[in-house]
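Undergrad: I am sharing structure.cif, which consists of mmCIF, C-alpha atoms:
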data_model
loop_
_atom_site.label_atom_id
_atom_site.label_comp_id
_atom_site.auth_asym_id
_atom_site.auth_seq_id
_atom_site.Cartn_x
_atom_site.Cartn_y
_atom_site.Cartn_z
CA MET Y 148 -5.68 -37.76 28.16
CA ILE Y 149 -7.79 -34.59 28.14
CA GLU Y 150 -5.35 -33.12 25.65
CA THR Y 151 -5.96 -35.98 23.23
CA VAL Y 152 -9.72 -35.61 23.56
CA THR Y 153 -9.65 -31.88 22.85
CA GLN Y 154 -7.30 -32.44 19.91
CA LEU Y 155 -9.61 -35.06 18.43
CA LEU Y 156 -12.68 -32.90 19.05
CA GLY Y 157 -10.86 -29.95 17.46
CA ASN Y 158 -10.00 -32.05 14.42
CA ALA Y 159 -13.60 -33.19 14.10
CA LEU Y 160 -14.81 -29.59 14.25
CA LEU Y 161 -12.27 -28.49 11.65
CA ILE Y 162 -13.43 -31.28 9.32
CA LEU Y 163 -17.03 -30.20 9.91
CA ALA Y 164 -16.06 -26.63 9.04
CA ALA Y 165 -14.31 -27.73 5.84
CA ALA Y 166 -17.30 -29.89 4.89
CA SER Y 167 -19.78 -27.05 5.39
CA VAL Y 168 -17.63 -24.66 3.33
CA LEU Y 169 -17.57 -27.28 0.58
CA ILE Y 170 -21.34 -27.84 0.79
CA GLY Y 171 -21.87 -24.08 0.72
CA GLY Y 172 -19.67 -23.79 -2.37
CA VAL Y 173 -21.47 -26.61 -4.17
CA GLY Y 174 -24.79 -25.03 -3.19
CA VAL Y 175 -23.82 -21.67 -4.67
CA ILE Y 176 -23.10 -23.35 -7.99
CA ARG Y 177 -26.05 -25.75 -8.00
CA MET Y 178 -28.90 -23.63 -6.66
CA PRO Y 179 -31.22 -22.06 -9.24
CA ASP Y 180 -31.59 -18.42 -8.15
CA LEU Y 181 -30.05 -15.70 -6.01
CA TYR Y 182 -31.94 -16.28 -2.79
CA THR Y 183 -31.40 -20.02 -2.61
CA ARG Y 184 -27.76 -19.46 -3.48
CA MET Y 185 -27.45 -17.02 -0.61
CA HIS Y 186 -29.12 -19.56 1.63
CA ALA Y 187 -26.41 -22.04 0.66
CA SER Y 188 -23.56 -19.60 1.11
CA SER Y 189 -24.85 -18.47 4.50
CA LEU Y 190 -23.88 -21.96 5.69
CA THR Y 191 -20.24 -20.84 5.38
CA ASP Y 192 -21.04 -17.69 7.37
CA THR Y 193 -22.52 -19.46 10.35
CA VAL Y 194 -21.83 -23.19 10.72
CA ALA Y 195 -18.36 -23.06 9.20
CA THR Y 196 -17.37 -20.03 11.28
CA LEU Y 197 -18.58 -21.60 14.51
CA ALA Y 198 -16.97 -24.98 13.81
CA LEU Y 199 -13.71 -23.57 12.46
CA PHE Y 200 -13.07 -21.18 15.32
CA SER Y 201 -14.25 -23.61 18.00
CA GLY Y 202 -11.89 -26.19 16.56
CA LEU Y 203 -8.98 -23.76 16.51
CA ILE Y 204 -9.75 -22.66 20.10
CA LEU Y 205 -9.73 -26.30 21.22
CA HIS Y 206 -6.38 -26.73 19.48
CA SER Y 207 -4.74 -23.71 21.09
CA GLY Y 208 -6.07 -24.27 24.61
CA LEU Y 209 -6.38 -21.53 27.21
CA THR Y 210 -4.05 -18.94 25.68
CA LEU Y 211 -4.20 -15.38 24.41
CA ALA Y 212 -4.58 -16.81 20.91
CA SER Y 213 -7.83 -18.49 21.97
CA PHE Y 214 -9.20 -15.20 23.22
CA LYS Y 215 -8.30 -13.50 19.96
CA LEU Y 216 -9.90 -16.32 17.99
CA ALA Y 217 -13.07 -15.99 20.07
CA ALA Y 218 -13.14 -12.25 19.40
CA ILE Y 219 -12.74 -12.86 15.64
CA MET Y 220 -15.49 -15.50 15.79
CA ALA Y 221 -17.86 -13.05 17.47
CA PHE Y 222 -16.99 -10.43 14.83
CA VAL Y 223 -17.55 -12.77 11.88
CA LEU Y 224 -20.75 -14.19 13.38
CA LEU Y 225 -22.10 -10.65 13.75
CA THR Y 226 -21.03 -9.30 10.36
CA GLY Y 227 -21.57 -12.34 8.10
CA PRO Y 228 -25.34 -12.72 8.57
CA THR Y 229 -25.71 -8.93 8.50
CA ALA Y 230 -23.99 -8.83 5.11
CA THR Y 231 -26.25 -11.64 3.90
CA TYR Y 232 -29.28 -9.68 5.08
CA ALA Y 233 -28.06 -6.50 3.38
CA LEU Y 234 -27.42 -8.38 0.13
CA ALA Y 235 -30.83 -10.05 0.16
CA ASN Y 236 -32.53 -6.77 1.00
CA ALA Y 237 -30.69 -4.92 -1.79
CA ALA Y 238 -31.59 -7.66 -4.25
CA TYR Y 239 -35.24 -7.60 -3.20
CA SER Y 240 -35.58 -3.85 -3.36
CA SER Y 241 -33.93 -3.75 -6.79
CA GLY Y 242 -36.64 -6.01 -8.06
CA ILE Y 243 -35.24 -9.53 -8.12
CA GLN Y 244 -38.17 -11.77 -7.31
CA PRO Y 245 -37.83 -15.19 -5.77
CA PRO Y 246 -39.13 -17.75 -8.26
CA VAL Y 247 -42.25 -18.70 -6.30
CA PRO Y 248 -45.61 -19.40 -7.89
CA HIS Y 249 -47.74 -16.28 -7.70
CA GLY Y 250 -49.86 -17.13 -4.70
CA PRO Y 251 -52.19 -14.76 -2.89
CA GLU Y 252 -49.65 -14.00 -0.14
CA ALA Y 253 -46.77 -13.23 -2.51
CA PRO Y 254 -45.67 -9.69 -1.55
CA GLU Y 255 -44.97 -7.05 -4.15
CA PRO Y 256 -41.29 -6.14 -4.48
CA ALA Y 257 -40.40 -2.55 -3.76
CA GLY Y 258 -38.74 -1.97 -7.13
CA GLY Y 259 -40.27 -3.12 -10.34
CA GLY Y 260 -39.85 -5.30 -13.37
CA ASP Y 261 -36.68 -6.14 -15.25
CA SER Y 262 -35.89 -9.00 -12.87
CA THR Y 263 -34.57 -11.30 -15.59
CA ALA Y 264 -32.00 -8.79 -16.79
CA GLU Y 265 -30.82 -8.19 -13.22
CA GLU Y 266 -30.43 -11.89 -12.66
CA GLN Y 267 -28.41 -12.25 -15.82
CA SER Y 268 -25.94 -9.59 -14.81
CA SER Y 269 -25.50 -10.68 -11.22
CA MET T 252 6.20 -26.35 2.23
CA MET T 253 2.73 -25.32 3.42
CA THR T 254 3.71 -21.70 2.78
CA ILE T 255 4.62 -22.50 -0.81
CA ILE T 256 1.29 -24.27 -1.40
CA PHE T 257 -0.64 -21.38 0.13
CA GLY T 258 1.42 -18.90 -1.87
CA LEU T 259 0.78 -20.72 -5.15
CA PHE T 260 -2.93 -20.98 -4.33
CA LEU T 261 -3.22 -17.28 -3.49
CA LEU T 262 -1.19 -16.18 -6.51
CA SER T 263 -3.32 -18.29 -8.89
CA LEU T 264 -6.45 -16.78 -7.35
CA LEU T 265 -4.89 -13.32 -7.84
CA VAL T 266 -4.37 -14.03 -11.55
CA ILE T 267 -7.95 -15.31 -11.91
CA VAL T 268 -9.38 -12.25 -10.15
CA ALA T 269 -7.18 -9.92 -12.22
CA VAL T 270 -8.42 -11.49 -15.47
CA ALA T 271 -12.01 -11.21 -14.22
CA ILE T 272 -11.49 -7.50 -13.43
CA VAL T 273 -10.25 -6.90 -16.96
CA LYS T 274 -13.00 -8.97 -18.57
CA THR T 275 -16.05 -7.55 -16.77
CA LYS T 276 -17.84 -4.57 -18.29
CA ASN T 277 -19.85 -3.88 -15.15
CA LEU T 278 -17.88 -1.45 -13.04
CA PHE T 279 -19.68 -2.38 -9.80
CA ILE T 280 -18.53 -5.96 -10.24
CA ALA T 281 -15.04 -4.68 -11.03
CA ALA T 282 -15.01 -2.64 -7.80
CA MET T 283 -16.02 -5.66 -5.74
CA LEU T 284 -13.41 -7.81 -7.51
CA LEU T 285 -10.76 -5.18 -6.75
CA SER T 286 -11.72 -5.50 -3.09
CA ILE T 287 -11.23 -9.28 -3.31
CA PHE T 288 -7.92 -8.68 -5.08
CA SER T 289 -6.75 -6.49 -2.20
CA LEU T 290 -7.82 -9.06 0.37
CA LEU T 291 -5.87 -11.79 -1.47
CA MET T 292 -2.91 -9.42 -1.69
CA ALA T 293 -3.15 -8.84 2.07
CA SER T 294 -3.12 -12.59 2.74
CA ASN T 295 -0.14 -12.87 0.43
CA PHE T 296 1.75 -10.16 2.32
CA PHE T 297 0.88 -11.93 5.53
CA ILE T 298 2.38 -15.27 4.51
CA LEU T 299 5.47 -13.34 3.39
CA ASP T 300 5.70 -12.14 7.05
CA ALA T 301 4.90 -8.53 6.17
CA ALA T 302 2.14 -8.10 8.72
CA ASP T 303 2.35 -4.29 8.74
CA VAL T 304 1.81 -4.09 4.97
CA ALA T 305 -0.93 -6.73 5.15
CA LEU T 306 -2.81 -4.66 7.71
CA THR T 307 -2.58 -1.54 5.53
CA GLU T 308 -3.63 -3.41 2.41
CA ALA T 309 -6.64 -4.97 4.14
CA ALA T 310 -7.82 -1.71 5.71
CA VAL T 311 -7.17 0.64 2.78
CA GLY T 312 -7.33 -1.64 -0.25
CA ALA T 313 -10.19 -3.92 0.69
CA GLY T 314 -12.05 -1.50 2.93
CA VAL T 315 -11.81 2.21 2.23
CA THR T 316 -11.02 2.23 -1.49
CA THR T 317 -13.96 -0.06 -2.27
CA VAL T 318 -16.32 2.40 -0.61
CA ILE T 319 -14.64 5.29 -2.45
CA PHE T 320 -14.94 3.42 -5.78
CA LEU T 321 -18.62 2.80 -5.12
CA SER T 322 -19.19 6.45 -4.20
CA ALA T 323 -17.44 7.44 -7.42
CA LEU T 324 -19.51 4.99 -9.46
CA ARG T 325 -22.66 6.54 -8.03
CA LEU T 326 -21.66 9.71 -9.89
CA THR T 327 -20.90 8.06 -13.23
CA SER T 328 -22.14 5.12 -15.22
CA GLN T 329 -22.30 1.51 -14.17
CA TYR T 330 -20.97 0.19 -17.44
CA GLU T 331 -17.62 0.58 -19.10
CA ARG T 332 -17.56 2.42 -22.39
CA GLY T 333 -16.17 0.54 -25.36
CA THR T 334 -12.65 1.42 -26.38
CA LEU T 335 -11.49 2.38 -29.85
CA ALA T 336 -9.69 -0.34 -31.78
CA SER T 337 -6.59 1.85 -32.30
CA THR T 338 -6.15 2.62 -28.58
CA ARG T 339 -6.73 -1.04 -27.78
CA TRP T 340 -3.81 -2.08 -29.98
CA LEU T 341 -1.65 0.57 -28.35
CA ALA T 342 -2.64 -0.76 -24.91
CA ILE T 343 -1.85 -4.35 -25.90
CA LEU T 344 1.53 -3.23 -27.27
CA VAL T 345 2.36 -1.41 -24.00
CA VAL T 346 1.31 -4.41 -21.90
CA VAL T 347 3.33 -6.88 -23.99
CA VAL T 348 6.47 -4.73 -23.90
CA THR T 349 6.15 -4.16 -20.15
CA THR T 350 5.61 -7.87 -19.53
CA ILE T 351 8.72 -8.78 -21.54
CA ILE T 352 10.80 -6.19 -19.67
CA LEU T 353 9.53 -7.44 -16.30
CA MET T 354 10.18 -11.07 -17.21
CA LEU T 355 13.71 -10.19 -18.33
CA GLY T 356 14.12 -8.33 -15.04
CA THR T 357 13.14 -11.34 -12.95
CA PHE T 358 16.05 -13.35 -14.42
CA ASP T 359 18.47 -10.97 -12.72
CA SER T 360 16.68 -10.78 -9.38
CA GLN T 361 17.68 -12.90 -6.43
CA ARG T 362 15.71 -15.88 -5.29
CA LEU T 363 13.11 -15.10 -2.57
CA GLY T 364 14.89 -15.21 0.79
CA ASP T 365 18.41 -15.35 -0.66
CA PRO T 366 20.69 -14.17 2.17
CA ASP T 367 23.18 -12.64 -0.30
CA ALA T 368 20.58 -10.40 -1.96
CA PRO T 369 21.65 -6.73 -1.87
CA VAL T 370 18.62 -5.84 0.24
CA HIS T 371 19.85 -8.18 2.97
CA VAL T 372 23.50 -7.09 3.05
CA HIS T 373 23.22 -3.30 2.65
CA VAL T 374 21.63 -1.36 5.56
CA ALA T 375 19.12 -3.98 6.75
CA PRO T 376 21.56 -5.82 9.10
CA TYR T 377 22.35 -2.51 10.82
CA TYR T 378 18.63 -1.82 11.38
CA ILE T 379 17.95 -5.32 12.68
CA GLU T 380 20.94 -5.35 15.04
CA ASN T 381 20.50 -1.86 16.46
CA THR T 382 16.74 -1.38 16.77
CA GLN T 383 16.46 -2.95 20.23
CA GLU T 384 19.49 -1.05 21.52
CA LEU T 385 18.67 2.37 20.03
CA MET T 386 14.88 2.40 20.30
CA GLY T 387 14.11 -0.07 23.07
CA PHE T 388 11.29 -1.86 21.21
CA PRO T 389 11.24 -4.95 18.99
CA ASN T 390 9.30 -3.92 15.84
CA VAL T 391 12.03 -3.13 13.31
CA VAL T 392 9.45 -2.03 10.72
CA THR T 393 8.26 0.80 12.96
CA ALA T 394 11.85 1.78 13.76
CA VAL T 395 12.82 1.91 10.08
CA LEU T 396 9.65 3.71 9.09
CA SER T 397 9.60 6.38 11.75
CA SER T 398 13.21 6.87 12.74
CA PHE T 399 15.89 5.45 10.44
CA ARG T 400 13.86 6.47 7.38
CA GLY T 401 11.94 9.31 9.01
CA TYR T 402 12.46 11.69 6.07
CA ASP T 403 10.85 9.21 3.66
CA THR T 404 7.83 8.82 5.91
CA LEU T 405 7.50 12.59 6.23
CA GLY T 406 7.43 12.65 2.44
CA GLU T 407 4.73 9.95 2.39
CA VAL T 408 2.59 11.89 4.84
CA PHE T 409 2.83 14.93 2.59
CA VAL T 410 1.90 12.77 -0.42
CA VAL T 411 -1.28 11.77 1.47
CA PHE T 412 -1.81 15.45 2.33
CA VAL T 413 -1.43 16.55 -1.30
CA ALA T 414 -3.69 13.72 -2.52
CA ALA T 415 -6.48 14.80 -0.17
CA ILE T 416 -6.10 18.43 -1.22
CA GLY T 417 -6.16 17.43 -4.89
CA VAL T 418 -9.38 15.41 -4.52
CA MET T 419 -10.99 18.25 -2.56
CA PHE T 420 -9.99 20.79 -5.21
CA ILE T 421 -11.47 18.73 -8.02
CA LEU T 422 -14.67 17.47 -6.38
CA ASP T 423 -15.63 20.25 -4.00
CA ALA T 424 -15.37 22.98 -6.61
CA ARG T 425 -18.84 24.33 -7.32
CA LYS T 426 -20.74 27.56 -7.56
CA GLY T 427 -22.59 29.27 -4.77
CA THR T 428 -22.06 26.93 -1.84
CA GLY T 429 -20.42 27.59 1.46
CA PRO T 430 -18.31 25.19 3.41
CA GLU T 431 -21.38 23.33 4.71
CA TYR T 432 -23.41 22.17 1.73
CA ALA T 433 -27.16 22.23 1.62
CA LEU T 434 -27.40 18.48 1.54
CA PRO T 435 -30.75 16.80 1.17
CA GLU T 436 -31.58 14.76 4.26
CA GLU T 437 -30.34 11.37 3.17
CA LYS T 438 -31.82 8.27 4.58
CA GLY T 439 -28.70 6.16 4.81
CA LEU T 440 -29.83 2.77 6.00
CA LYS T 441 -32.16 4.21 8.60
CA HIS T 442 -35.02 1.86 7.87
CA HIS T 443 -32.72 -1.15 8.03
CA LEU T 444 -32.69 -2.13 11.66
CA ILE T 445 -30.24 -5.04 11.52
CA PRO T 446 -27.26 -3.33 9.81
CA ARG T 447 -27.72 -0.27 11.99
CA ALA T 448 -27.84 -2.27 15.21
CA VAL T 449 -24.84 -4.42 14.29
CA GLY T 450 -22.91 -1.48 12.88
CA GLY T 451 -23.59 0.63 15.93
CA LEU T 452 -22.34 -2.21 18.08
CA LEU T 453 -19.15 -2.60 16.06
CA ILE T 454 -18.09 1.02 15.55
CA PRO T 455 -16.71 1.56 19.09
CA PHE T 456 -14.72 -1.67 18.84
CA ILE T 457 -13.33 -0.72 15.43
CA ILE T 458 -12.15 2.63 16.82
CA LEU T 459 -10.72 0.90 19.90
CA PHE T 460 -8.82 -1.51 17.64
CA GLY T 461 -7.58 1.47 15.64
CA PHE T 462 -6.16 3.06 18.77
CA TYR T 463 -4.62 -0.27 19.79
CA VAL T 464 -2.90 -0.51 16.41
CA GLN T 465 -1.79 3.15 16.73
CA PHE T 466 -0.24 2.94 20.17
CA HIS T 467 0.93 -0.66 20.02
CA GLY T 468 2.82 -0.16 16.75
CA GLU T 469 6.22 -0.35 18.44
CA TYR T 470 5.57 -3.83 19.83
CA GLY T 471 3.37 -5.45 17.22
CA PRO T 472 2.44 -4.91 13.62
CA GLY T 473 0.79 -1.55 13.11
CA GLY T 474 1.39 2.15 13.34
CA GLY T 475 -0.02 5.41 12.13
CA PHE T 476 -0.91 4.44 8.56
CA GLN T 477 -2.86 1.35 9.59
CA ALA T 478 -4.53 3.00 12.57
CA GLY T 479 -5.59 6.04 10.54
CA ALA T 480 -7.20 3.79 7.94
CA ILE T 481 -8.98 1.65 10.57
CA VAL T 482 -10.41 4.67 12.40
CA ALA T 483 -11.47 6.14 9.05
CA THR T 484 -13.37 2.92 8.20
CA ALA T 485 -15.34 3.27 11.45
CA PHE T 486 -16.45 6.79 10.51
CA ILE T 487 -17.21 5.73 6.94
CA LEU T 488 -19.34 2.88 8.30
CA TYR T 489 -21.18 5.42 10.42
CA ALA T 490 -21.77 7.60 7.37
CA LEU T 491 -23.09 4.61 5.40
CA LEU T 492 -25.46 3.59 8.18
CA GLU T 493 -26.76 6.94 9.38
CA GLY T 494 -26.48 9.01 6.23
CA GLU T 495 -24.05 11.63 5.05
CA ARG T 496 -25.55 14.49 7.02
CA THR T 497 -25.54 12.88 10.45
CA ALA T 498 -21.96 11.75 9.92
CA LEU T 499 -20.88 15.27 8.98
CA ARG T 500 -22.67 16.64 12.03
CA ALA T 501 -20.68 14.22 14.18
CA PHE T 502 -17.37 14.86 12.41
CA PRO T 503 -17.54 18.01 10.24
CA ARG T 504 -15.39 18.70 7.20
CA SER T 505 -13.51 21.44 9.03
CA ALA T 506 -12.45 18.92 11.70
CA GLN T 507 -11.26 16.52 8.99
CA THR T 508 -9.21 19.23 7.31
CA ALA T 509 -7.81 20.20 10.71
CA LEU T 510 -6.84 16.56 11.25
CA ILE T 511 -4.93 16.40 7.94
CA VAL T 512 -3.14 19.71 8.47
CA GLY T 513 -2.57 19.02 12.18
CA GLY T 514 -1.13 15.56 11.55
CA ALA T 515 1.29 16.69 8.85
CA SER T 516 2.29 19.74 10.90
CA LEU T 517 2.80 17.65 14.04
CA TYR T 518 5.27 15.46 12.17
CA GLY T 519 7.13 18.48 10.82
CA ALA T 520 7.01 20.23 14.21
CA VAL T 521 8.77 17.29 15.90
CA GLY T 522 11.58 17.71 13.37
CA VAL T 523 11.79 21.46 14.04
CA VAL T 524 11.84 20.89 17.81
CA CYS T 525 14.74 18.49 17.26
CA ILE T 526 16.63 21.27 15.44
CA LEU T 527 15.84 23.77 18.22
CA LYS T 528 17.12 21.28 20.80
CA GLY T 529 20.44 21.16 18.98
CA GLY T 530 20.13 18.02 16.87
CA THR T 531 19.45 17.52 13.19
CA PHE T 532 15.98 17.44 11.61
CA LEU T 533 14.03 14.43 12.97
CA ASP T 534 16.90 13.26 15.18
CA TYR T 535 14.74 12.37 18.17
CA SER T 536 17.57 11.47 20.56
CA VAL T 537 18.00 15.12 21.66
CA LEU T 538 14.39 15.51 22.79
CA LEU T 539 14.95 14.20 26.34
CA GLU T 540 17.85 13.33 28.63
CA ASP T 541 17.79 9.63 27.86
CA PRO T 542 18.21 9.08 24.09
CA VAL T 543 16.26 5.79 24.05
CA THR T 544 13.20 7.30 25.79
CA ALA T 545 13.56 10.40 23.64
CA ARG T 546 13.43 8.28 20.47
CA GLN T 547 10.34 6.49 21.74
CA VAL T 548 8.61 9.79 22.52
CA GLY T 549 9.54 11.15 19.10
CA ILE T 550 8.33 8.01 17.32
CA ILE T 551 5.01 7.92 19.20
CA THR T 552 4.44 11.59 18.39
CA ILE T 553 5.18 11.30 14.69
CA GLU T 554 3.13 8.08 14.44
CA LEU T 555 0.24 10.04 15.94
CA GLY T 556 0.77 12.69 13.27
CA VAL T 557 0.77 10.03 10.56
CA GLY T 558 -2.43 8.49 11.94
CA MET T 559 -4.20 11.84 12.12
CA ALA T 560 -3.19 12.80 8.59
CA VAL T 561 -4.20 9.45 7.06
CA CYS T 562 -7.53 9.33 8.91
CA GLY T 563 -8.40 12.91 7.94
CA ALA T 564 -7.33 12.40 4.33
CA LEU T 565 -9.35 9.22 3.80
CA LEU T 566 -12.43 10.77 5.41
CA SER T 567 -12.25 13.96 3.36
CA ILE T 568 -11.77 11.99 0.14
CA PHE T 569 -14.79 9.83 1.01
CA HIS T 570 -16.96 12.82 1.91
CA SER T 571 -15.87 14.70 -1.21
CA PHE T 572 -17.28 11.86 -3.29
CA ALA T 573 -20.32 11.27 -1.11
CA ALA T 574 -21.35 14.93 -0.87
CA ARG T 575 -21.49 15.40 -4.62
CA GLN T 576 -24.87 14.82 -6.18
CA PRO T 577 -25.02 12.97 -9.49
CA THR T 578 -25.50 15.67 -12.11
CA GLY T 579 -26.65 13.31 -14.82
CA ARG T 580 -25.66 9.98 -16.14
CA ILE T 581 -22.70 9.92 -18.46
CA GLU T 582 -23.60 7.29 -20.98
#
Is it possible to express this structure as structure tokens?

TA:
Amino acid sequence: MIETVTQLLGNALLILAAASVLIGGVGVIRMPDLYTRMHASSLTDTVATLALFSGLILHSGLTLASFKLAAIMAFVLLTGPTATYALANAAYSSGIQPPVPHGPEAPEPAGGGDSTAEEQSS
Amino acid sequence: MMTIIFGLFLLSLLVIVAVAIVKTKNLFIAAMLLSIFSLLMASNFFILDAADVALTEAAVGAGVTTVIFLSALRLTSQYERGTLASTRWLAILVVVVTTIILMLGTFDSQRLGDPDAPVHVHVAPYYIENTQELMGFPNVVTAVLSSFRGYDTLGEVFVVFVAAIGVMFILDARKGTGPEYALPEEKGLKHHLIPRAVGGLLIPFIILFGFYVQFHGEYGPGGGFQAGAIVATAFILYALLEGERTALRAFPRSAQTALIVGGASLYGAVGVVCILKGGTFLDYSVLLEDPVTARQVGIITIELGVGMAVCGALLSIFHSFAARQPTGRIE
């Protein structure tokens, strides 16, 4: 009985993971600029990782494999958002501006100018 | 069936990535695509049940070489120079001829997994049947690499050794500097709190995993080559986070060179000890009373030598690139 429940829950989590990867992929194609695209792709880093590994852990039960999966999940959850941060920071300091209207609070980017050319090449 | 679908998927992705590498003019993008190519290759090796090779490909191909490419690109230009029309035709001719030869070659090769293929009927059955009895551990790859084919691996270690020396000769040659260069204090990522905190958290675990791969190589996938590369990635990560200078203070160039020389010498020394004990070169069974334990001791020692040499070589190659200041853009 419990086995069936965990299997079903695992399946549901795996489907959730697949759906969020798909949504992330669609978002990367559909979003207008770098930062919103990264926002979309970070969905794969966090939600998909959590759901995928939780689902796999539920499928494999209390075994050594589960422990390894949990360790990989912790690793990916630590490194994925860090990589996203590093990418966004590098983009910002090389002068790619988010396409916001120039309000009074809009901060100056560390680099300067040439943002359109950078966006074209990236 | 699933394996075939995954294989087809991965191979099609490989072709797409390869075409993208050729098409792009931006060398940074090409370096990142090469990293993706290596990762796909590692997955491919994994579904072909070659976990040892997959581990090496992931650590060296996707990890270390990408960083080395990026350090090299820092010294040159970001964009590819256009090629002359005449050399392009020559290149296309070479590629077409090679492709035709390779395609003709595949007609003669056995189907994947054919039990009658020469590779499966020559020496492989002997290795598979006798590893457990002669060595006392299950990983046949480690047994073949370090004992049955110990001479070949010794040669590989010396190839790594020579490669590191070659890179050091070319890149470290300069006027008026001692062994410790007057490096400007580089910032690294010091003002970036998040990568530093996460990286600092991960480095001990990466090194621990490297040692696990090193000393567990007889029972699971792994061994000296993989472990050396994994430990090297930890130190390279440290250098990226804290700057070149701090990393060299923690692990100086002299220690890296000592690691390369020490690792290669350790491997050779085991062979010499075998001769002195009355056996042939790299015949570990004479090292101790019990031949099975003796082989295990010999294998662990030479794997340690391999790991040391690979780790030292990758680190010195990385630092050779990183220590060199860009002298001017080559446009």

Undergrad: Using all atoms listed in the file, determine which residues of chain T fall within 7 Å of chain Y; present them as a compact mmCIF listing (two decimals) with C-alpha atoms, keeping the file's coordinate frame.

TA:
# COMPACT_ATOMS: atom_id res chain seq x y z
CA ILE T 445 -30.24 -5.04 11.52
CA PRO T 446 -27.26 -3.33 9.81
CA VAL T 449 -24.84 -4.42 14.29

Undergrad: Could you tell me how far atom CA of T:Phe532 lies from atom CA of T:Tyr518, in Å and to one decimal?

TA: 10.9 Å

Undergrad: Evaluating the PyMOL selection byres ((chain Y and resi 188) around 10) on the displayed file yields which residues, as a list in words?

TA: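 So the PyMOL selection byres ((chain Y and resi 188) around 10), applied here, picks out Ser167, Val168, Leu169, Ile170, Gly171, Gly172, Val173, Gly174, Val175, Ile176, Tyr182, Thr183, Arg184, Met185, His186, Ala187, Ser189, Leu190, Thr191, Asp192, Thr193 and Thr231 of chain Y.
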
Undergrad: Using all atoms listed in the file, determine which residues lie at most 10 Å from T:Ala501, disregarding the query and same-chain residues fewer than 6 positions distant; provide the list as a list in words.

TA: Phe486, Tyr489 and Ala490 of chain T

Undergrad: Would you work out the distance separating atom CA of Y:Lys215 from atom CA of T:Leu291, expressed in Å to one decimal?

TA: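 Between these atoms lies a distance of 21.6 Å.
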
Undergrad: Taking the file as shown, find all residues satisfying the PyMOL selection byres ((chain T and resi 315-330) around 10) and write them as JSON, numbers by chain.

TA: {"T": [275, 276, 277, 278, 279, 280, 281, 282, 283, 284, 285, 286, 287, 289, 308, 309, 310, 311, 312, 313, 314, 331, 332, 333, 480, 481, 483, 484, 485, 487, 488, 491, 565, 566, 568, 569, 570, 571, 572, 573, 574, 575, 576, 577, 578, 579, 580, 581, 582]}

Undergrad: Go ahead and write the selection's residues with C-alpha atoms as an mmCIF file, in the frame of the given file.

TA:
data_model
loop_
_atom_site.group_PDB
_atom_site.id
_atom_site.type_symbol
_atom_site.label_atom_id
_atom_site.label_comp_id
_atom_site.auth_asym_id
_atom_site.auth_seq_id
_atom_site.Cartn_x
_atom_site.Cartn_y
_atom_site.Cartn_z
ATOM 1 C CA THR T 275 -16.050 -7.550 -16.770
ATOM 2 C CA LYS T 276 -17.840 -4.570 -18.290
ATOM 3 C CA ASN T 277 -19.850 -3.880 -15.150
ATOM 4 C CA LEU T 278 -17.880 -1.450 -13.040
ATOM 5 C CA PHE T 279 -19.680 -2.380 -9.800
ATOM 6 C CA ILE T 280 -18.530 -5.960 -10.240
ATOM 7 C CA ALA T 281 -15.040 -4.680 -11.030
ATOM 8 C CA ALA T 282 -15.010 -2.640 -7.800
ATOM 9 C CA MET T 283 -16.020 -5.660 -5.740
ATOM 10 C CA LEU T 284 -13.410 -7.810 -7.510
ATOM 11 C CA LEU T 285 -10.760 -5.180 -6.750
ATOM 12 C CA SER T 286 -11.720 -5.500 -3.090
ATOM 13 C CA ILE T 287 -11.230 -9.280 -3.310
ATOM 14 C CA SER T 289 -6.750 -6.490 -2.200
ATOM 15 C CA GLU T 308 -3.630 -3.410 2.410
ATOM 16 C CA ALA T 309 -6.640 -4.970 4.140
ATOM 17 C CA ALA T 310 -7.820 -1.710 5.710
ATOM 18 C CA VAL T 311 -7.170 0.640 2.780
ATOM 19 C CA GLY T 312 -7.330 -1.640 -0.250
ATOM 20 C CA ALA T 313 -10.190 -3.920 0.690
ATOM 21 C CA GLY T 314 -12.050 -1.500 2.930
ATOM 22 C CA GLU T 331 -17.620 0.580 -19.100
ATOM 23 C CA ARG T 332 -17.560 2.420 -22.390
ATOM 24 C CA GLY T 333 -16.170 0.540 -25.360
ATOM 25 C CA ALA T 480 -7.200 3.790 7.940
ATOM 26 C CA ILE T 481 -8.980 1.650 10.570
ATOM 27 C CA ALA T 483 -11.470 6.140 9.050
ATOM 28 C CA THR T 484 -13.370 2.920 8.200
ATOM 29 C CA ALA T 485 -15.340 3.270 11.450
ATOM 30 C CA ILE T 487 -17.210 5.730 6.940
ATOM 31 C CA LEU T 488 -19.340 2.880 8.300
ATOM 32 C CA LEU T 491 -23.090 4.610 5.400
ATOM 33 C CA LEU T 565 -9.350 9.220 3.800
ATOM 34 C CA LEU T 566 -12.430 10.770 5.410
ATOM 35 C CA ILE T 568 -11.770 11.990 0.140
ATOM 36 C CA PHE T 569 -14.790 9.830 1.010
ATOM 37 C CA HIS T 570 -16.960 12.820 1.910
ATOM 38 C CA SER T 571 -15.870 14.700 -1.210
ATOM 39 C CA PHE T 572 -17.280 11.860 -3.290
ATOM 40 C CA ALA T 573 -20.320 11.270 -1.110
ATOM 41 C CA ALA T 574 -21.350 14.930 -0.870
ATOM 42 C CA ARG T 575 -21.490 15.400 -4.620
ATOM 43 C CA GLN T 576 -24.870 14.820 -6.180
ATOM 44 C CA PRO T 577 -25.020 12.970 -9.490
ATOM 45 C CA THR T 578 -25.500 15.670 -12.110
ATOM 46 C CA GLY T 579 -26.650 13.310 -14.820
ATOM 47 C CA ARG T 580 -25.660 9.980 -16.140
ATOM 48 C CA ILE T 581 -22.700 9.920 -18.460
ATOM 49 C CA GLU T 582 -23.600 7.290 -20.980
#
